[in-house]
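To start, the structure under review is shown below, and the notes come after it.
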Amino acid sequence: MVWYEEEIKRLEIAAAAFPQQPRMVFYGSSSIRLWHTLDDDFKGYAPFNMGFGGSTLAACSWYFDRLFTRITPHALVIYAGDNDLGDGRSAEEVLLIFSKLVQLIQHRFGEIPVGFISIKPSVRRWEIIDKVKRANLLIQKEISKEGGKLCYINIFDAMTDQAGYPRREYLASDGLHINDTGYELWNRIIQQHISSGQLHLANQPLLT
């Protein structure tokens, strides 16, 4: 995990300098880190971007206690997992890591709302699309079983066409990362989960 050290130090400094406790923390891989409109998209929830490049779900779990020492969010939104699968982990391993991360969150913060953004489809990683689908299915079933304030945020279906292939209009030129149109889609879907109460933030007044 040492290759993440510079990114982790950057986040520790940013957390120490954050002017208030964030209402929502977005945690995960570069799909979170590169979300440059996050502050505007979730204005009023004092969002804090805790994405770090190349992160796996395993790294999110490994660094959780270190990164959340000074932060007490009202809700967490997580995106990670495709790097784990790309590194050769199985869908079942990703499920176990996800469950461990949820345990860490609940141990530190109690039953706060936690949204998991489904692992995205991508052109670059088309060869592991079956593992992506299985990991998403396993995590969705686990969230449904656990209930409470866990929420599965399905962006996978909206990012695929009728044939099940990734829609390029949502992906950057590298065929892997999200472009601005993709982030607009993610924002709309997450906002729908908030307004419907699935992310359990609908009744919390916005900051002014």
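Following the order of the structure tokens, chains are lettered A, B, ..., residues in each are numbered from 1, and ligands are numbered from 1.
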
Mind running segment 84-151 of chain A against segment 56-80 of chain A at 10 Å and telling me each contacting residue's nearest atom pair with the distance in Å (one decimal), counting only C-alpha atoms, chain and number ascending, as a Markdown table?
| residue | atom | partner | partner_atom | distance |
| --- | --- | --- | --- | --- |
| A:Asp84 | CA | A:Thr56 | CA | 5.2 |
| A:Leu85 | CA | A:Thr56 | CA | 8.8 |
| A:Gly86 | CA | A:Thr56 | CA | 9.5 |
| A:Asp87 | CA | A:Thr56 | CA | 8.9 |
| A:Glu93 | CA | A:Ala58 | CA | 9.5 |
| A:Val94 | CA | A:Leu57 | CA | 7.3 |
| A:Leu95 | CA | A:Leu57 | CA | 9.6 |
| A:Leu96 | CA | A:Ala58 | CA | 9.6 |
| A:Ile97 | CA | A:Ala58 | CA | 6.0 |
| A:Phe98 | CA | A:Leu57 | CA | 6.9 |
| A:Ser99 | CA | A:Ser61 | CA | 9.6 |
| A:Lys100 | CA | A:Ser61 | CA | 7.1 |
| A:Leu101 | CA | A:Ser61 | CA | 5.1 |
| A:Val102 | CA | A:Ser61 | CA | 8.8 |
| A:Gln103 | CA | A:Ser61 | CA | 9.6 |
| A:Leu104 | CA | A:Phe64 | CA | 7.5 |
| A:Ile105 | CA | A:Phe64 | CA | 8.1 |
| A:Arg108 | CA | A:Asp65 | CA | 8.3 |
| A:Phe109 | CA | A:Thr72 | CA | 7.2 |
| A:Glu111 | CA | A:Ala75 | CA | 9.4 |
| A:Ile112 | CA | A:Ala75 | CA | 5.7 |
| A:Pro113 | CA | A:Ala75 | CA | 4.8 |
| A:Val114 | CA | A:Leu76 | CA | 4.8 |
| A:Gly115 | CA | A:Val77 | CA | 4.6 |
| A:Phe116 | CA | A:Ile78 | CA | 4.9 |
| A:Ile117 | CA | A:Tyr79 | CA | 5.2 |
| A:Ser118 | CA | A:Tyr79 | CA | 7.2 |
| A:Ile119 | CA | A:Ala80 | CA | 6.9 |
| A:Lys120 | CA | A:Tyr79 | CA | 9.2 |
| A:Lys149 | CA | A:Ala75 | CA | 9.5 |
| A:Leu150 | CA | A:Leu76 | CA | 9.7 |
| A:Cys151 | CA | A:Val77 | CA | 9.1 |

Could you pull out the alpha helix (DSSP H) residues of segment 1-122 of chain A from DSSP and send them as a VMD selection string? chain A and resid 5 to 17 30 to 33 38 to 41 57 to 62 64 to 67 82 to 86 91 to 109

Could you tell me, as a count of residues only, which residues of segment 15-163 of chain A DSSP assigns to strand (DSSP E) when given the backbone? 22

Could you state the separation of atom CA of Ala163 of chain A and atom CA of Ala135 of chain A in Å, given to one decimal place?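 Value for the atom CA of Ala163 of chain A-atom CA of Ala135 of chain A distance: 19.8 Å.
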
Between atom CA of Lys133 of chain A and atom CA of Ile155 of chain A, distance in Å (one decimal):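 Distance reported for this atom pair: 11.8 Å.
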